[in-house]
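model_30.cif, holding mmCIF, C-alpha atoms:
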data_run
loop_
_atom_site.label_atom_id
_atom_site.label_comp_id
_atom_site.auth_asym_id
_atom_site.auth_seq_id
_atom_site.Cartn_x
_atom_site.Cartn_y
_atom_site.Cartn_z
CA MET A 729 0.00 0.00 0.00
CA HIS A 730 1.32 3.45 -0.95
CA ILE A 731 0.60 6.08 1.71
CA GLU A 732 0.47 9.88 1.44
CA VAL A 733 -0.02 12.05 4.50
CA SER A 734 -0.43 15.80 4.07
CA GLN A 735 -0.47 18.54 6.74
CA LEU A 736 -1.73 16.15 9.44
CA ASN A 737 -2.77 17.80 12.71
CA LYS A 738 -4.32 16.51 15.92
CA HIS A 739 -5.68 18.51 18.86
CA TYR A 740 -6.76 17.07 22.20
CA GLY A 741 -8.57 20.06 23.66
CA ASP A 742 -5.96 22.81 23.93
CA PHE A 743 -3.07 20.39 23.42
CA HIS A 744 -1.66 20.36 19.87
CA ALA A 745 -0.32 16.80 19.69
CA VAL A 746 0.58 16.63 15.96
CA HIS A 747 1.72 19.67 13.93
CA ASP A 748 1.48 19.78 10.11
CA VAL A 749 3.09 16.37 9.54
CA SER A 750 3.53 15.34 5.89
CA PHE A 751 5.22 12.24 4.46
CA SER A 752 4.89 9.48 1.87
CA ILE A 753 5.63 5.76 2.22
CA GLU A 754 6.27 3.44 -0.71
CA LYS A 755 4.62 0.02 -0.86
CA GLY A 756 6.47 -2.74 1.00
CA ARG A 757 8.62 -0.44 3.15
CA LEU A 758 9.16 -0.97 6.89
CA ILE A 759 9.06 2.44 8.60
CA GLY A 760 10.04 3.24 12.19
CA LEU A 761 8.36 6.17 13.97
CA LEU A 762 11.07 7.10 16.45
CA GLY A 763 11.13 9.78 19.11
CA PRO A 764 10.79 10.53 22.82
CA SER A 765 7.71 9.49 24.77
CA GLY A 766 4.80 11.87 24.36
CA GLY A 767 6.13 13.20 21.05
CA GLY A 768 3.09 12.31 18.93
CA LYS A 769 4.16 8.97 17.41
CA THR A 770 1.20 6.92 18.65
CA SER A 771 -1.26 9.69 17.73
CA ILE A 772 -0.01 9.52 14.13
CA LEU A 773 -0.28 5.73 14.13
CA ARG A 774 -3.82 5.80 15.53
CA MET A 775 -4.92 8.34 12.92
CA LEU A 776 -3.54 6.09 10.18
CA ALA A 777 -5.48 3.19 11.73
CA GLY A 778 -8.72 5.16 11.96
CA LEU A 779 -8.77 4.95 15.77
CA GLU A 780 -8.41 8.75 15.97
CA THR A 781 -9.81 11.41 13.63
CA PRO A 782 -7.40 14.09 12.36
CA SER A 783 -8.18 17.68 13.36
CA ALA A 784 -6.86 18.74 9.94
CA GLY A 785 -4.94 17.29 7.01
CA ASP A 786 -5.34 14.31 4.68
CA ILE A 787 -4.52 10.60 4.88
CA VAL A 788 -4.45 8.92 1.47
CA PHE A 789 -4.14 5.16 0.84
CA HIS A 790 -3.53 4.19 -2.81
CA GLY A 791 -4.88 7.54 -4.03
CA LYS A 792 -8.03 7.39 -1.87
CA ARG A 793 -8.64 9.79 1.02
CA VAL A 794 -9.52 7.68 4.07
CA ASN A 795 -9.98 10.29 6.83
CA GLU A 796 -13.61 9.29 7.47
CA LEU A 797 -13.21 5.59 6.65
CA PRO A 798 -13.68 3.28 9.69
CA PRO A 799 -10.75 1.04 10.72
CA GLN A 800 -12.31 -2.17 9.41
CA GLU A 801 -12.52 -0.71 5.91
CA ARG A 802 -8.92 0.55 5.68
CA GLY A 803 -7.20 -2.79 5.05
CA ILE A 804 -4.95 -2.59 8.10
CA GLY A 805 -3.64 -4.96 10.76
CA PHE A 806 -2.80 -3.52 14.19
CA VAL A 807 -0.43 -5.00 16.78
CA PHE A 808 -0.72 -3.49 20.25
CA GLN A 809 2.00 -3.08 22.86
CA ASN A 810 0.25 -5.32 25.39
CA TYR A 811 -0.65 -8.11 22.89
CA ALA A 812 -4.43 -7.67 23.52
CA LEU A 813 -5.01 -11.40 23.07
CA PHE A 814 -8.30 -13.00 24.10
CA LYS A 815 -7.40 -14.93 27.25
CA HIS A 816 -10.23 -17.44 26.91
CA MET A 817 -9.27 -18.34 23.31
CA THR A 818 -6.58 -20.71 22.07
CA VAL A 819 -3.78 -19.63 19.75
CA TYR A 820 -5.80 -21.01 16.84
CA ASP A 821 -8.96 -19.08 17.77
CA ASN A 822 -7.07 -15.85 18.47
CA ILE A 823 -5.52 -15.96 14.99
CA ALA A 824 -8.84 -16.95 13.39
CA PHE A 825 -10.85 -14.20 15.12
CA GLY A 826 -10.74 -11.58 12.35
CA LEU A 827 -11.53 -14.15 9.68
CA LYS A 828 -14.56 -15.39 11.65
CA VAL A 829 -15.81 -11.80 12.01
CA LYS A 830 -15.62 -11.54 8.21
CA LYS A 831 -17.59 -14.82 8.00
CA GLN A 832 -14.97 -16.61 5.95
CA PRO A 833 -15.63 -20.31 5.16
CA LYS A 834 -14.23 -22.74 7.75
CA ASN A 835 -11.80 -24.34 5.29
CA VAL A 836 -10.43 -20.91 4.29
CA ILE A 837 -10.00 -20.00 7.97
CA ARG A 838 -8.25 -23.29 8.75
CA ASP A 839 -5.84 -22.98 5.82
CA ARG A 840 -5.00 -19.35 6.61
CA VAL A 841 -4.49 -19.97 10.34
CA MET A 842 -2.23 -22.98 9.75
CA GLN A 843 -0.23 -21.00 7.18
CA LEU A 844 0.35 -18.26 9.76
CA VAL A 845 1.10 -20.75 12.53
CA GLU A 846 3.87 -22.12 10.31
CA LEU A 847 5.08 -18.64 9.28
CA THR A 848 5.30 -17.35 12.84
CA GLY A 849 6.97 -20.44 14.32
CA LEU A 850 3.96 -21.42 16.44
CA LYS A 851 3.43 -24.92 15.09
CA GLY A 852 2.49 -27.24 17.95
CA PHE A 853 1.07 -24.37 20.05
CA GLU A 854 -2.30 -24.04 18.25
CA HIS A 855 -4.34 -25.40 21.18
CA ARG A 856 -2.56 -23.53 23.97
CA TYR A 857 -4.00 -20.50 25.73
CA PRO A 858 -2.13 -17.17 26.12
CA HIS A 859 -1.21 -17.85 29.76
CA GLN A 860 0.61 -21.02 28.60
CA LEU A 861 2.91 -19.04 26.27
CA SER A 862 6.06 -16.97 26.76
CA GLY A 863 6.03 -13.23 26.08
CA GLY A 864 7.70 -13.73 22.72
CA GLN A 865 5.20 -16.42 21.72
CA ARG A 866 2.25 -14.21 22.73
CA GLN A 867 3.61 -11.41 20.58
CA ARG A 868 3.93 -13.80 17.63
CA VAL A 869 0.27 -14.73 18.09
CA ALA A 870 -0.58 -11.00 18.01
CA PHE A 871 1.38 -10.62 14.74
CA ALA A 872 -0.35 -13.66 13.23
CA ARG A 873 -3.81 -12.39 14.24
CA ALA A 874 -3.09 -8.99 12.66
CA LEU A 875 -1.90 -10.67 9.44
CA ALA A 876 -4.77 -13.17 9.17
CA PRO A 877 -7.18 -10.94 7.18
CA GLU A 878 -4.31 -10.20 4.73
CA PRO A 879 -4.08 -6.44 5.41
CA GLN A 880 -2.32 -4.09 3.04
CA LEU A 881 -0.82 -2.11 5.92
CA LEU A 882 0.57 -3.42 9.23
CA LEU A 883 0.72 -0.98 12.17
CA LEU A 884 2.65 -1.84 15.34
CA ASP A 885 2.60 0.25 18.52
CA GLU A 886 5.85 -0.42 20.45
CA PRO A 887 5.50 -4.15 19.69
CA PHE A 888 8.55 -5.26 21.70
CA ALA A 889 8.17 -3.06 24.78
CA ALA A 890 6.76 -5.79 27.05
CA ILE A 891 9.40 -8.40 26.15
CA ASP A 892 12.77 -9.04 27.83
CA ALA A 893 15.95 -7.92 26.06
CA LYS A 894 17.14 -11.26 24.64
CA ILE A 895 13.74 -12.22 23.17
CA ARG A 896 13.25 -8.65 21.95
CA HIS A 897 16.42 -8.87 19.87
CA GLU A 898 15.35 -12.22 18.39
CA LEU A 899 11.88 -10.88 17.54
CA ARG A 900 13.34 -7.83 15.81
CA THR A 901 15.25 -10.02 13.39
CA TRP A 902 12.26 -12.31 12.92
CA LEU A 903 9.88 -9.40 12.25
CA LYS A 904 12.16 -7.79 9.66
CA ASP A 905 12.63 -11.11 7.83
CA MET A 906 8.91 -11.87 7.92
CA ILE A 907 7.87 -8.47 6.57
CA GLU A 908 10.46 -8.68 3.80
CA ARG A 909 9.05 -12.08 2.79
CA LEU A 910 5.45 -10.85 2.84
CA GLY A 911 6.20 -7.50 1.18
CA ILE A 912 3.62 -5.75 3.36
CA THR A 913 3.89 -2.02 4.07
CA SER A 914 4.54 -1.68 7.81
CA ILE A 915 4.90 1.14 10.33
CA PHE A 916 6.05 0.63 13.92
CA VAL A 917 6.31 3.05 16.82
CA THR A 918 9.34 2.92 19.10
CA HIS A 919 11.41 5.15 21.38
CA ASP A 920 14.33 2.68 21.16
CA GLN A 921 17.03 3.92 18.77
CA ASP A 922 18.70 0.52 18.42
CA GLU A 923 15.38 -1.07 17.55
CA ALA A 924 14.60 1.50 14.85
CA ILE A 925 18.10 1.38 13.36
CA GLU A 926 18.18 -2.42 13.31
CA VAL A 927 14.68 -3.04 11.94
CA ALA A 928 13.51 -0.10 9.81
CA ASP A 929 14.15 0.58 6.12
CA GLU A 930 13.45 4.24 6.89
CA ILE A 931 13.06 6.19 10.11
CA MET A 932 10.83 9.17 10.80
CA ILE A 933 12.00 11.19 13.80
CA ILE A 934 9.00 12.69 15.64
CA ASN A 935 9.48 15.34 18.32
CA LYS A 936 6.85 17.55 19.95
CA GLY A 937 4.35 16.52 17.29
CA ARG A 938 6.58 17.51 14.38
CA LEU A 939 8.43 15.45 11.80
CA GLU A 940 12.07 16.40 12.30
CA GLN A 941 13.58 14.17 9.59
CA LYS A 942 12.80 11.14 7.42
CA GLY A 943 15.41 8.89 5.81
CA SER A 944 17.40 5.69 6.05
CA PRO A 945 19.01 4.96 9.44
CA TRP A 946 22.47 5.65 7.97
CA ASP A 947 21.35 8.91 6.34
CA ILE A 948 19.84 10.22 9.54
CA TYR A 949 22.86 9.23 11.62
CA LYS A 950 25.40 10.62 9.16
CA ASN A 951 23.54 13.76 8.07
CA PRO A 952 21.21 15.00 10.83
CA GLN A 953 19.15 17.96 9.62
CA THR A 954 18.24 19.47 12.98
CA GLN A 955 19.88 19.93 16.36
CA PHE A 956 17.32 17.61 17.93
CA VAL A 957 18.05 14.75 15.51
CA ALA A 958 21.80 15.16 15.98
CA SER A 959 21.50 14.97 19.75
CA PHE A 960 18.80 12.25 19.82
CA ILE A 961 20.44 9.70 17.51
CA GLY A 962 23.56 8.04 18.89
CA GLU A 963 25.77 9.16 21.77
CA SER A 964 27.33 12.60 21.72
CA THR A 965 28.78 15.48 23.72
CA ILE A 966 27.58 19.08 23.34
CA VAL A 967 30.51 21.53 23.37
CA GLU A 968 29.74 25.22 23.97
CA ASP A 969 33.08 26.60 22.73
CA VAL A 970 34.37 24.24 20.06
CA GLY A 971 36.78 26.93 18.82
CA GLN A 972 39.17 26.04 21.66
CA LEU A 973 39.78 22.59 20.11
CA HIS A 974 42.69 22.25 17.67
CA GLY A 975 41.49 22.59 14.09
CA PHE A 976 38.17 24.25 14.87
CA ALA A 977 39.14 27.91 15.33
CA ALA A 978 37.03 28.85 12.28
CA ALA A 979 33.89 27.93 14.22
CA THR A 980 34.20 31.16 16.19
CA ALA A 981 33.25 33.09 13.04
CA HIS A 982 29.74 31.66 13.33
CA HIS A 983 27.63 33.48 15.90
CA ASN A 984 26.78 31.37 18.99
CA ALA A 985 27.83 28.14 17.28
CA LYS A 986 27.83 25.04 19.45
CA ALA A 987 29.17 21.63 18.52
CA LEU A 988 27.92 18.11 18.88
CA ILE A 989 30.79 15.58 18.86
CA ARG A 990 30.05 11.87 18.48
CA PRO A 991 32.36 9.17 19.92
CA GLU A 992 33.35 7.97 16.44
CA TYR A 993 34.50 11.50 15.53
CA ILE A 994 37.27 11.14 18.15
CA GLU A 995 40.55 9.22 18.03
CA ILE A 996 42.52 8.69 21.24
CA GLY A 997 45.73 6.93 22.16
CA ARG A 998 49.25 7.28 23.43
CA ARG A 999 51.28 9.77 21.47
CA SER A 1000 53.34 7.00 19.87
CA GLU A 1001 50.17 5.70 18.21
CA PHE A 1002 49.87 8.81 16.02
CA ARG A 1003 52.23 9.34 13.11
CA ILE A 1004 50.62 12.69 12.22
CA ALA A 1005 50.25 14.67 15.43
CA SER A 1006 49.79 18.31 14.34
CA ALA A 1007 46.04 18.30 15.04
CA THR A 1008 46.16 16.30 18.25
CA GLU A 1009 46.04 17.76 21.70
CA ARG A 1010 46.65 16.73 25.28
CA GLY A 1011 43.93 14.84 27.07
CA ILE A 1012 43.61 13.18 30.47
CA VAL A 1013 41.73 9.90 30.87
CA LYS A 1014 38.97 10.60 33.38
CA LYS A 1015 37.04 7.29 33.51
CA LEU A 1016 36.83 3.98 31.69
CA HIS A 1017 33.68 1.85 31.37
CA PHE A 1018 33.86 -1.72 30.11
CA ARG A 1019 31.15 -2.28 27.46
CA GLY A 1020 31.75 -5.92 26.61
CA SER A 1021 33.18 -5.45 23.12
CA GLU A 1022 35.09 -2.20 23.82
CA TRP A 1023 36.00 0.41 26.40
CA MET A 1024 33.99 3.61 26.70
CA VAL A 1025 36.47 6.33 27.68
CA GLU A 1026 35.77 9.73 29.23
CA VAL A 1027 38.65 12.07 28.44
CA GLU A 1028 39.22 15.67 29.54
CA VAL A 1029 40.60 18.10 26.97
CA GLY A 1030 41.07 21.39 28.79
CA SER A 1031 37.65 22.24 30.24
CA ILE A 1032 35.82 19.83 27.89
CA THR A 1033 34.90 16.23 28.70
CA LEU A 1034 34.53 14.04 25.60
CA ILE A 1035 33.28 10.46 25.30
CA THR A 1036 34.73 7.96 22.85
CA TYR A 1037 35.49 4.25 22.49
CA ARG A 1038 38.67 2.18 22.40
CA SER A 1039 39.11 -1.33 21.06
CA LEU A 1040 39.89 -4.20 23.42
CA GLU A 1041 42.68 -5.14 20.99
CA LYS A 1042 44.64 -2.01 21.97
CA GLU A 1043 46.59 -1.53 25.17
CA VAL A 1044 44.34 -0.57 28.07
CA LEU A 1045 44.52 3.07 29.13
CA GLN A 1046 44.50 4.07 32.80
CA PRO A 1047 42.52 6.78 34.66
CA GLY A 1048 44.69 9.88 35.06
CA GLU A 1049 46.92 8.92 32.12
CA GLU A 1050 47.94 11.64 29.68
CA ILE A 1051 47.02 10.75 26.08
CA SER A 1052 46.68 12.34 22.66
CA VAL A 1053 43.23 13.25 21.35
CA LEU A 1054 42.28 13.96 17.75
CA VAL A 1055 38.78 15.25 16.98
CA HIS A 1056 38.18 14.52 13.30
CA ARG A 1057 34.96 16.47 12.85
CA ALA A 1058 32.09 18.12 14.70
CA TYR A 1059 28.43 18.76 13.96
CA LEU A 1060 28.01 22.54 14.41
CA PHE A 1061 24.74 24.39 14.87
CA ASN A 1062 23.32 27.74 15.93
CA ASP A 1063 19.82 29.23 15.83
CA ASP A 1064 19.87 29.57 12.03
CA GLU A 1065 21.79 26.64 10.53
CA SER A 1066 23.69 23.41 11.08
CA TRP A 1067 26.68 21.89 9.30
CA ILE A 1068 29.57 19.42 9.59
CA MET A 1069 33.05 20.90 10.11
CA GLU A 1070 36.18 18.84 9.52
CA ASN A 1071 39.30 19.40 11.59
CA GLN A 1072 41.19 21.97 9.53
CA LEU A 1073 44.63 21.07 10.90
CA LYS A 1074 44.48 17.41 9.91
CA GLU A 1075 47.11 16.45 7.36
CA ASP A 1076 45.76 12.93 6.90
CA PRO A 1077 42.07 11.92 6.75
CA MET A 1078 42.62 9.46 9.61
CA PRO A 1079 45.50 8.80 12.01
CA VAL A 1080 47.84 5.95 11.15
CA HIS A 1081 48.50 3.50 13.98
CA ILE A 1082 51.84 1.82 14.44
#
Written as structure tokens, that's how I'd like the structure from this file.
Amino acid sequence: MHIEVSQLNKHYGDFHAVHDVSFSIEKGRLIGLLGPSGGGKTSILRMLAGLETPSAGDIVFHGKRVNELPPQERGIGFVFQNYALFKHMTVYDNIAFGLKVKKQPKNVIRDRVMQLVELTGLKGFEHRYPHQLSGGQRQRVAFARALAPEPQLLLLDEPFAAIDAKIRHELRTWLKDMIERLGITSIFVTHDQDEAIEVADEIMIINKGRLEQKGSPWDIYKNPQTQFVASFIGESTIVEDVGQLHGFAAATAHHNAKALIRPEYIEIGRRSEFRIASATERGIVKKLHFRGSEWMVEVEVGSITLITYRSLEKEVLQPGEEISVLVHRAYLFNDDESWIMENQLKEDPMPVHI
């Protein structure tokens, strides 16, 4: 299903929950609505589903305006955060529910349910009740039930929020693979960056009811278009006076410019590790945090504390140790614009390690 949304607004009394949101989604894409809690993501999802009526704007499915169309006539499947399974029904009957409402023949219902049981990895669980299933299995039943009527659009409201971390990771991979196989247009709400980056073909960043940016996970991470997106995606440090760092003196020419510096923009090490040292400066290791696959390092450069990572393959640094720090680039912004600035003293694009 191809979707066009134009100038979408939603008011709840005096509260303006969604502000002039416009976007398009191509058929078969998996879209993540990402942003902080209370930002308007679920309101947008519920308006697409027909569970809320827009205060203004248009929602168009395949060239047809659907603003006044009831949910059952929109060709959607909806997966809720809390599963919303019928406790008194078996897995089979939960999945079959929508087909029975549509008065499908029994043989059609049986064939469709068993197809979905196989697809969702629930074979052998057809006659169990929800309380006899794990959280991950219950969520698979919810997916299967939403898919049973063969919707053209699948909507998921924080589908992994109630599941523990290990199962959540497994379900992410499973969901992405399943949707790719089915080719169904899908939109899911999340406030988990890792989840959106791992699962979505495209991400829409929603903040305070506004669409901040839409694009692939890599595009949004590499080229943030607003200060909010730059600070929300990934880890970073905000630096008030970036002009004091070697190679960034030109930033002072821009009025009130601040900098956002990501961990991967920073290279650290003992001085002997850098062949080209003209752009490096003195830093002091403040703290180290073991992160399983690498060290997270807090390092002080003058009055600035930066955060970066160091491979476990390299010699371990020590708190209080003096090291060299090279900031490759910074994301600069002020009230009027934002841009990426490269370190202007660097003679090589990256340091060479010995």
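Every protein, DNA or RNA residue with an atom at most 10 Å from Ser765 of chain A, where all atoms listed in the file count and chain neighbours fewer than 4 positions away do not, is listed here: Lys769, Thr770, Thr918, His919, Ile934, Asn935 and Lys936 of chain A.
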Could you tell me which of A:Gly741, A:Gly763, A:Pro799, A:Gly852 comes closest to Val957 of chain A if we count only C-alpha atoms?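 Closest residue, counting only C-alpha atoms: A:Gly763.
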Skipping near chain neighbours, those fewer than 4 positions away, what residues fall within 7 Å of segment 1030-1046 of chain A using only C-alpha atoms, listed as a PyMOL selection string? chain A and resi 965+991-992+994+1013+1021-1026
How many Å lie between atom CA of Val1055 of chain A and atom CA of Leu762 of chain A, rounded to one decimal?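 Here the two named atoms are 28.9 Å from each other.
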From A:Phe916, A:Lys942, A:Leu797, A:Gln880, residue lying nearest Lys904 of chain A [all atoms listed in the file]: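 When distances to Lys904 of chain A are compared using all atoms listed in the file, the smallest one comes from A:Phe916.
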Record the distance separating atom CA of Ser914 of chain A and atom CA of Pro798 of chain A, expressed in Å with one decimal. 19.0 Å
List the residues selected by the PyMOL selection byres ((chain A and resi 873) around 10) in the file shown, writing them as a list of chain:residue names.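 Those residues are A:Gly805, A:Phe806, A:Val807, A:Leu813, A:Val819, A:Tyr820, A:Asp821, A:Asn822, A:Ile823, A:Ala824, A:Phe825, A:Gly826, A:Leu827, A:Val841, A:Leu844, A:Val845, A:Gln867, A:Arg868, A:Val869, A:Ala870, A:Phe871, A:Ala872, A:Ala874, A:Leu875, A:Ala876, A:Pro877, A:Glu878.
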Suppose you want the space between atom CA of Asp885 of chain A and atom CA of Glu963 of chain A; what is it in Å?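 Answer for the atom CA of Asp885 of chain A to atom CA of Glu963 of chain A separation: 25.0 Å.
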Spatial neighbours of His747 of chain A, max dist 12 Å, only C-alpha atoms, sep filter under 4 positions, as a compact mmCIF listing (two decimals) with C-alpha atoms, in the coordinates of the input:
# COMPACT_ATOMS: atom_id res chain seq x y z
CA SER A 734 -0.43 15.80 4.07
CA GLN A 735 -0.47 18.54 6.74
CA LEU A 736 -1.73 16.15 9.44
CA ASN A 737 -2.77 17.80 12.71
CA LYS A 738 -4.32 16.51 15.92
CA HIS A 739 -5.68 18.51 18.86
CA PHE A 743 -3.07 20.39 23.42
CA GLY A 767 6.13 13.20 21.05
CA GLY A 768 3.09 12.31 18.93
CA LYS A 769 4.16 8.97 17.41
CA SER A 771 -1.26 9.69 17.73
CA ILE A 772 -0.01 9.52 14.13
CA PRO A 782 -7.40 14.09 12.36
CA SER A 783 -8.18 17.68 13.36
CA ALA A 784 -6.86 18.74 9.94
CA GLY A 785 -4.94 17.29 7.01
CA ILE A 934 9.00 12.69 15.64
CA ASN A 935 9.48 15.34 18.32
CA LYS A 936 6.85 17.55 19.95
CA GLY A 937 4.35 16.52 17.29
CA ARG A 938 6.58 17.51 14.38
CA LEU A 939 8.43 15.45 11.80
CA GLU A 940 12.07 16.40 12.30
Test item: residues at most 12 Å from Arg1057 of chain A, only C-alpha atoms, excluding those fewer than 3 positions along its chain, as an MDAnalysis selection string: chainID A and resid 950 970 973:976 979 987:995 1007 1054 1060 1067:1074 1077:1078
With distances taken over all atoms listed in the file, which of A:Thr913, A:Thr781, A:Ser944, A:Gln843 is nearest to Lys755 of chain A? A:Thr913
Proximity to Leu779 of chain A - best of A:Ala1058, A:Leu899, A:Leu883, A:Met842, all atoms listed in the file: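 Of the candidates, the smallest distance to Leu779 of chain A is held by A:Leu883.
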Output check: residues returned by the PyMOL selection byres ((chain A and resi 1009) around 6), as a PyMOL selection string: chain A and resi 1008+1010+1052-1053
